[in-house]
Amino acid sequence: MTKTMRAVQYSGYGGGAAGLKHVEIPVPVVKKDYVLIRVEAVSINPHDWKIQDGYVRHVLPPRFPHTPGTDVAGEVVGLGLGVTTFSLGDKVVSCLGTSGGGLAEYALAHISTTAKRPLGVTAIEGACLGDAAFSALQSVRDWAAVPLNGRKLKVPPNILITDAGGAVGTFAVQLAKLGGAHVTATCCEAKHLELVKSLGADEVLDSKTPGGESLESPSGKKYDTVIQCGEYLSFAHIKPQLSPTGKVINLTPSPKSMLLSAASLASFSKQKCIPFMPSANTTDYYFLFSLMHQKKLKIIVDSEFLLEQAEKAWAASIAGHATGKIVVKCTKCS
């Protein structure tokens, strides 16, 4: 196997797409409990470029130069000490975490967040899972308490999903409807309205209209849970539309929103704002695969780029107009 690889890195905070550099660096050395993956595809998540912007520099400062990219699909080409659950040649998906490394031809992946990719799931589709799908699944199932095991609720919960045409939102709408919830969705792009309706949303609001800005349900329903994707909306703005015990799951927490969330959690009000970060795990990967196999979950891909076009993919994510996921193909996909 080659000793060097192509990768895309940045060497400091800021710079956006222009701050990315194409480099030739050594292939990572596989270590205990890790596998080395030949990366076929990696998806771009907002947190990738937010880390570059220094969004979490006081909590998760990267080492420079930094190779970004979290959610990958590829083939196992190296096994670390103690790895018995994977074999050379296995097709896999993996969530690499904040250490990144996915925007390259090869990447190290810990076995605890790596899963075998079933036949019928392409590398492009596999790379679209991970952070966005975990955020949607865990917020719907674990925080909104929407059953995804076939159990029916006597009273369907009312759920609002904001910016539903993006990566997390397209997953969240489908999962919430699968569990029998009544789903209201907002879209900040006109092109997303029909798509989100087709994914099952009961009500779709254009966030640029007065009704969309207020978040008021056309049916007059108050929301038991608001899953906040995309642009941050203050708790005070959302609160009038919540049920007496309603909660906001903030999937885009910032230092300011974390303080406001802490204040809401410390208050005597039963309405709460909860900051949330997903947890990568293989169990949820396999659950998502099973839904795909049953044709109950669609992967929405906005655009695909080659590794040498990584700057375009990065810029497209920053622009915030994507429908679903943006993917970079790093090597030949299967």
# chains A, B, ... in the order shown; residues from 1 in each chain; ligands from 1
$ select_by_dssp --residues "stretch 70-239 of chain A" --states "strand (DSSP E)" --output "PyMOL selection string"
chain A and resi 71-79+91-95+106-110+114-116+158-161+182-187+203-206+223-228
$ write_last_selection --atoms "N, CA and C atoms" --output "tab-separated table (two decimals), in the first residue's frame"
chain	number	residue	atom	x	y	z
A	71	ASP	N	-17.79	12.02	9.10
A	71	ASP	CA	-18.62	10.88	8.70
A	71	ASP	C	-18.14	10.28	7.39
A	72	VAL	N	-17.60	9.07	7.45
A	72	VAL	CA	-16.96	8.46	6.29
A	72	VAL	C	-17.55	7.10	5.98
A	73	ALA	N	-17.36	6.70	4.74
A	73	ALA	CA	-17.65	5.34	4.29
A	73	ALA	C	-16.47	4.88	3.46
A	74	GLY	N	-16.10	3.63	3.60
A	74	GLY	CA	-14.95	3.14	2.85
A	74	GLY	C	-14.69	1.67	3.08
A	75	GLU	N	-13.44	1.29	2.89
A	75	GLU	CA	-13.04	-0.12	2.98
A	75	GLU	C	-11.89	-0.28	3.97
A	76	VAL	N	-11.98	-1.31	4.81
A	76	VAL	CA	-10.93	-1.57	5.79
A	76	VAL	C	-9.69	-2.10	5.08
A	77	VAL	N	-8.56	-1.41	5.28
A	77	VAL	CA	-7.29	-1.84	4.66
A	77	VAL	C	-6.20	-2.07	5.69
A	78	GLY	N	-6.53	-1.86	6.96
A	78	GLY	CA	-5.56	-2.10	8.02
A	78	GLY	C	-6.25	-2.37	9.34
A	79	LEU	N	-5.69	-3.29	10.13
A	79	LEU	CA	-6.30	-3.68	11.41
A	79	LEU	C	-5.32	-3.40	12.54
A	91	LYS	N	-16.48	-3.48	3.94
A	91	LYS	CA	-17.03	-2.17	3.63
A	91	LYS	C	-17.68	-1.63	4.91
A	92	VAL	N	-17.32	-0.42	5.30
A	92	VAL	CA	-17.75	0.10	6.59
A	92	VAL	C	-18.17	1.56	6.49
A	93	VAL	N	-18.83	2.01	7.55
A	93	VAL	CA	-19.07	3.43	7.79
A	93	VAL	C	-18.50	3.73	9.16
A	94	SER	N	-18.15	4.99	9.39
A	94	SER	CA	-17.61	5.34	10.70
A	94	SER	C	-17.80	6.82	10.98
A	95	CYS	N	-17.99	7.11	12.26
A	95	CYS	CA	-18.02	8.49	12.74
A	95	CYS	C	-16.70	8.72	13.47
A	106	TYR	N	-7.21	8.18	3.22
A	106	TYR	CA	-7.21	7.16	4.26
A	106	TYR	C	-7.48	7.84	5.61
A	107	ALA	N	-8.12	7.11	6.52
A	107	ALA	CA	-8.42	7.66	7.84
A	107	ALA	C	-8.45	6.55	8.87
A	108	LEU	N	-8.11	6.91	10.11
A	108	LEU	CA	-8.20	5.97	11.23
A	108	LEU	C	-9.58	6.08	11.85
A	109	ALA	N	-10.18	4.92	12.16
A	109	ALA	CA	-11.51	4.89	12.75
A	109	ALA	C	-11.52	3.94	13.95
A	110	HIS	N	-12.07	4.40	15.06
A	110	HIS	CA	-12.17	3.54	16.24
A	110	HIS	C	-13.29	2.52	16.03
A	114	THR	N	-17.61	2.33	14.42
A	114	THR	CA	-17.50	1.83	13.05
A	114	THR	C	-18.44	0.64	12.88
A	115	ALA	N	-19.14	0.62	11.75
A	115	ALA	CA	-20.10	-0.46	11.49
A	115	ALA	C	-19.92	-0.99	10.07
A	116	LYS	N	-20.20	-2.27	9.88
A	116	LYS	CA	-20.14	-2.86	8.55
A	116	LYS	C	-21.30	-2.34	7.72
A	158	ASN	N	-47.03	16.39	19.30
A	158	ASN	CA	-46.89	17.44	18.30
A	158	ASN	C	-45.45	17.92	18.31
A	159	ILE	N	-44.81	17.80	17.15
A	159	ILE	CA	-43.39	18.12	17.05
A	159	ILE	C	-43.17	19.16	15.97
A	160	LEU	N	-42.35	20.16	16.29
A	160	LEU	CA	-41.91	21.15	15.32
A	160	LEU	C	-40.46	20.87	14.99
A	161	ILE	N	-40.14	20.82	13.71
A	161	ILE	CA	-38.76	20.65	13.26
A	161	ILE	C	-38.41	21.87	12.43
A	182	HIS	N	-47.34	14.03	15.06
A	182	HIS	CA	-47.85	15.07	14.17
A	182	HIS	C	-46.71	16.06	13.98
A	183	VAL	N	-46.26	16.24	12.73
A	183	VAL	CA	-45.05	17.01	12.46
A	183	VAL	C	-45.37	18.30	11.72
A	184	THR	N	-44.94	19.40	12.33
A	184	THR	CA	-44.92	20.69	11.66
A	184	THR	C	-43.46	21.00	11.36
A	185	ALA	N	-43.18	21.50	10.18
A	185	ALA	CA	-41.81	21.77	9.78
A	185	ALA	C	-41.69	23.17	9.21
A	186	THR	N	-40.56	23.82	9.46
A	186	THR	CA	-40.28	25.09	8.82
A	186	THR	C	-39.15	24.90	7.82
A	187	CYS	N	-39.18	25.68	6.76
A	187	CYS	CA	-38.13	25.65	5.74
A	187	CYS	C	-37.71	27.07	5.42
A	203	GLU	N	-47.58	19.62	8.29
A	203	GLU	CA	-47.69	21.05	8.02
A	203	GLU	C	-46.29	21.58	7.71
A	204	VAL	N	-46.19	22.40	6.70
A	204	VAL	CA	-44.89	22.97	6.33
A	204	VAL	C	-45.03	24.49	6.25
A	205	LEU	N	-44.15	25.19	6.95
A	205	LEU	CA	-44.18	26.65	7.01
A	205	LEU	C	-42.95	27.23	6.33
A	206	ASP	N	-43.16	28.26	5.53
A	206	ASP	CA	-42.06	29.02	4.95
A	206	ASP	C	-41.59	30.00	6.02
A	223	TYR	N	-46.67	22.81	20.62
A	223	TYR	CA	-45.68	21.76	20.39
A	223	TYR	C	-45.21	21.13	21.70
A	224	ASP	N	-45.22	19.81	21.71
A	224	ASP	CA	-44.65	19.08	22.85
A	224	ASP	C	-43.13	19.11	22.80
A	225	THR	N	-42.59	19.09	21.58
A	225	THR	CA	-41.14	19.15	21.39
A	225	THR	C	-40.83	19.97	20.15
A	226	VAL	N	-39.83	20.81	20.26
A	226	VAL	CA	-39.28	21.53	19.10
A	226	VAL	C	-37.85	21.02	18.89
A	227	ILE	N	-37.61	20.46	17.73
A	227	ILE	CA	-36.25	20.02	17.38
A	227	ILE	C	-35.65	21.12	16.53
A	228	GLN	N	-34.72	21.84	17.12
A	228	GLN	CA	-34.18	23.03	16.48
A	228	GLN	C	-32.93	22.69	15.68
$ residues_around --residues "stretch 288-292 of chain A" --least-positions-apart "5" --cutoff "9 Å" --atoms "only C-alpha atoms" --output "list in words"
Arg117, Pro118, Val121, Gly126, Leu129, Ala133, Phe134, Leu137, Thr283, Leu297, Lys298 and Ile299 of chain A
$ write_last_selection --atoms "C-alpha atoms" --output "tab-separated table (two decimals), in the first residue's frame"
chain	number	residue	atom	x	y	z
A	117	ARG	CA	-22.01	-1.38	5.61
A	118	PRO	CA	-24.71	-3.76	4.32
A	121	VAL	CA	-26.06	0.80	0.95
A	126	GLY	CA	-23.23	5.51	4.17
A	129	LEU	CA	-25.27	8.84	8.10
A	133	ALA	CA	-28.68	10.96	11.31
A	134	PHE	CA	-27.63	10.38	14.92
A	137	LEU	CA	-32.64	9.75	15.60
A	283	THR	CA	-26.23	0.14	17.47
A	297	LEU	CA	-35.73	6.04	5.46
A	298	LYS	CA	-34.51	8.02	2.46
A	299	ILE	CA	-31.08	9.59	2.14
$ closest_residue --among "A:Val29, A:Ile44, A:Val39, A:Ala316" --to "A:Lys332" --atoms "only C-alpha atoms"
A:Val39
$ residues_around --residues "A:Ile111" --least-positions-apart "6" --cutoff "8 Å" --atoms "only C-alpha atoms" --output "list in words"
Asp33, Tyr34, Val35 and Val83 of chain A
$ closest_residue --among "A:Ala145, A:Ser43, A:Lys296, A:Ser217" --to "A:Gly200" --atoms "only C-alpha atoms"
A:Lys296
$ closest_residue --among "A:Val155, A:Ala236, A:Ala164, A:Ala181" --to "A:Ser198" --atoms "only C-alpha atoms"
A:Ala164
$ residues_around --residues "A:Ser334" --least-positions-apart "3" --cutoff "8 Å" --atoms "only C-alpha atoms" --output "tab-separated table (two decimals) with all heavy atoms, in the first residue's frame"
chain	number	residue	atom	x	y	z
A	40	GLU	N	-13.84	6.19	0.83
A	40	GLU	CA	-14.50	6.34	-0.45
A	40	GLU	C	-15.29	7.65	-0.50
A	40	GLU	O	-15.30	8.35	-1.51
A	40	GLU	CB	-15.43	5.15	-0.70
A	40	GLU	CG	-14.68	3.82	-0.81
A	40	GLU	CD	-15.63	2.64	-0.98
A	40	GLU	OE1	-16.82	2.85	-1.27
A	40	GLU	OE2	-15.17	1.49	-0.82
A	122	THR	N	-24.86	2.29	-0.53
A	122	THR	CA	-23.68	2.78	-1.23
A	122	THR	C	-22.78	3.57	-0.30
A	122	THR	O	-23.18	3.98	0.80
A	122	THR	CB	-24.08	3.69	-2.41
A	122	THR	OG1	-24.66	4.90	-1.89
A	122	THR	CG2	-25.08	2.99	-3.32
A	123	ALA	N	-21.56	3.81	-0.76
A	123	ALA	CA	-20.63	4.63	0.03
A	123	ALA	C	-21.17	6.04	0.22
A	123	ALA	O	-21.03	6.64	1.30
A	123	ALA	CB	-19.27	4.67	-0.67
$ closest_residue --among "A:Trp314, A:Ala172, A:Ile274, A:Ala190" --to "A:Val8" --atoms "only C-alpha atoms"
A:Trp314
$ atom_distance --atom1 "atom CA of A:Glu216" --atom2 "atom CA of A:Thr245"
16.9 Å
$ decode --residues "stretch 299-324 of chain A" --atoms "N, CA, C and O atoms" --output "mmCIF file, in the first residue's frame"
data_model
loop_
_atom_site.group_PDB
_atom_site.id
_atom_site.type_symbol
_atom_site.label_atom_id
_atom_site.label_comp_id
_atom_site.auth_asym_id
_atom_site.auth_seq_id
_atom_site.Cartn_x
_atom_site.Cartn_y
_atom_site.Cartn_z
ATOM 1 N N ILE A 299 -32.247 8.723 2.011
ATOM 2 C CA ILE A 299 -31.080 9.586 2.139
ATOM 3 C C ILE A 299 -31.196 10.694 1.095
ATOM 4 O O ILE A 299 -31.309 10.412 -0.102
ATOM 5 N N ILE A 300 -31.187 11.929 1.534
ATOM 6 C CA ILE A 300 -31.307 13.062 0.627
ATOM 7 C C ILE A 300 -29.911 13.657 0.409
ATOM 8 O O ILE A 300 -29.284 14.156 1.354
ATOM 9 N N VAL A 301 -29.424 13.569 -0.814
ATOM 10 C CA VAL A 301 -28.088 14.077 -1.154
ATOM 11 C C VAL A 301 -28.231 15.344 -1.983
ATOM 12 O O VAL A 301 -28.852 15.339 -3.047
ATOM 13 N N ASP A 302 -27.669 16.415 -1.491
ATOM 14 C CA ASP A 302 -27.718 17.689 -2.202
ATOM 15 C C ASP A 302 -26.766 17.689 -3.388
ATOM 16 O O ASP A 302 -27.139 18.019 -4.510
ATOM 17 N N SER A 303 -25.506 17.315 -3.140
ATOM 18 C CA SER A 303 -24.487 17.408 -4.186
ATOM 19 C C SER A 303 -23.293 16.532 -3.840
ATOM 20 O O SER A 303 -23.073 16.190 -2.677
ATOM 21 N N GLU A 304 -22.545 16.170 -4.873
ATOM 22 C CA GLU A 304 -21.346 15.354 -4.717
ATOM 23 C C GLU A 304 -20.162 16.069 -5.371
ATOM 24 O O GLU A 304 -20.302 16.676 -6.430
ATOM 25 N N PHE A 305 -19.004 15.996 -4.714
ATOM 26 C CA PHE A 305 -17.789 16.626 -5.214
ATOM 27 C C PHE A 305 -16.633 15.629 -5.127
ATOM 28 O O PHE A 305 -16.672 14.688 -4.327
ATOM 29 N N LEU A 306 -15.621 15.839 -5.939
ATOM 30 C CA LEU A 306 -14.389 15.069 -5.838
ATOM 31 C C LEU A 306 -13.489 15.702 -4.780
ATOM 32 O O LEU A 306 -13.675 16.867 -4.405
ATOM 33 N N LEU A 307 -12.503 14.944 -4.306
ATOM 34 C CA LEU A 307 -11.595 15.457 -3.276
ATOM 35 C C LEU A 307 -10.919 16.747 -3.725
ATOM 36 O O LEU A 307 -10.749 17.676 -2.920
ATOM 37 N N GLU A 308 -10.552 16.822 -5.000
ATOM 38 C CA GLU A 308 -9.896 18.032 -5.491
ATOM 39 C C GLU A 308 -10.844 19.226 -5.567
ATOM 40 O O GLU A 308 -10.417 20.358 -5.825
ATOM 41 N N GLN A 309 -12.137 18.984 -5.340
ATOM 42 C CA GLN A 309 -13.129 20.061 -5.322
ATOM 43 C C GLN A 309 -13.623 20.334 -3.903
ATOM 44 O O GLN A 309 -14.684 20.927 -3.709
ATOM 45 N N ALA A 310 -12.848 19.951 -2.919
ATOM 46 C CA ALA A 310 -13.291 20.053 -1.526
ATOM 47 C C ALA A 310 -13.686 21.476 -1.141
ATOM 48 O O ALA A 310 -14.617 21.672 -0.356
ATOM 49 N N GLU A 311 -12.994 22.469 -1.700
ATOM 50 C CA GLU A 311 -13.323 23.859 -1.370
ATOM 51 C C GLU A 311 -14.755 24.193 -1.771
ATOM 52 O O GLU A 311 -15.456 24.932 -1.060
ATOM 53 N N LYS A 312 -15.206 23.661 -2.901
ATOM 54 C CA LYS A 312 -16.573 23.929 -3.350
ATOM 55 C C LYS A 312 -17.585 23.297 -2.395
ATOM 56 O O LYS A 312 -18.626 23.896 -2.087
ATOM 57 N N ALA A 313 -17.305 22.090 -1.945
ATOM 58 C CA ALA A 313 -18.193 21.428 -0.990
ATOM 59 C C ALA A 313 -18.238 22.214 0.320
ATOM 60 O O ALA A 313 -19.310 22.400 0.918
ATOM 61 N N TRP A 314 -17.089 22.665 0.763
ATOM 62 C CA TRP A 314 -16.975 23.443 2.008
ATOM 63 C C TRP A 314 -17.790 24.737 1.904
ATOM 64 O O TRP A 314 -18.563 25.074 2.808
ATOM 65 N N ALA A 315 -17.611 25.436 0.794
ATOM 66 C CA ALA A 315 -18.324 26.698 0.580
ATOM 67 C C ALA A 315 -19.827 26.467 0.497
ATOM 68 O O ALA A 315 -20.620 27.275 1.008
ATOM 69 N N ALA A 316 -20.237 25.368 -0.133
ATOM 70 C CA ALA A 316 -21.661 25.066 -0.256
ATOM 71 C C ALA A 316 -22.285 24.815 1.111
ATOM 72 O O ALA A 316 -23.420 25.238 1.378
ATOM 73 N N SER A 317 -21.562 24.166 2.001
ATOM 74 C CA SER A 317 -22.071 23.919 3.340
ATOM 75 C C SER A 317 -22.178 25.225 4.127
ATOM 76 O O SER A 317 -23.171 25.475 4.808
ATOM 77 N N ILE A 318 -21.162 26.053 4.018
ATOM 78 C CA ILE A 318 -21.169 27.338 4.724
ATOM 79 C C ILE A 318 -22.324 28.217 4.251
ATOM 80 O O ILE A 318 -22.961 28.913 5.050
ATOM 81 N N ALA A 319 -22.630 28.168 2.958
ATOM 82 C CA ALA A 319 -23.704 28.996 2.395
ATOM 83 C C ALA A 319 -25.058 28.674 3.004
ATOM 84 O O ALA A 319 -25.942 29.538 3.093
ATOM 85 N N GLY A 320 -25.250 27.434 3.441
ATOM 86 C CA GLY A 320 -26.458 27.068 4.167
ATOM 87 C C GLY A 320 -27.701 26.836 3.341
ATOM 88 O O GLY A 320 -28.815 26.850 3.875
ATOM 89 N N HIS A 321 -27.549 26.601 2.045
ATOM 90 C CA HIS A 321 -28.723 26.399 1.191
ATOM 91 C C HIS A 321 -28.915 24.945 0.768
ATOM 92 O O HIS A 321 -29.781 24.654 -0.054
ATOM 93 N N ALA A 322 -28.118 24.047 1.310
ATOM 94 C CA ALA A 322 -28.139 22.660 0.846
ATOM 95 C C ALA A 322 -29.444 21.972 1.203
ATOM 96 O O ALA A 322 -30.073 22.249 2.227
ATOM 97 N N THR A 323 -29.847 21.050 0.338
ATOM 98 C CA THR A 323 -30.990 20.175 0.585
ATOM 99 C C THR A 323 -30.428 18.823 0.987
ATOM 100 O O THR A 323 -29.913 18.085 0.156
ATOM 101 N N GLY A 324 -30.497 18.479 2.257
ATOM 102 C CA GLY A 324 -29.895 17.227 2.702
ATOM 103 C C GLY A 324 -28.384 17.361 2.822
ATOM 104 O O GLY A 324 -27.859 18.392 3.250
#
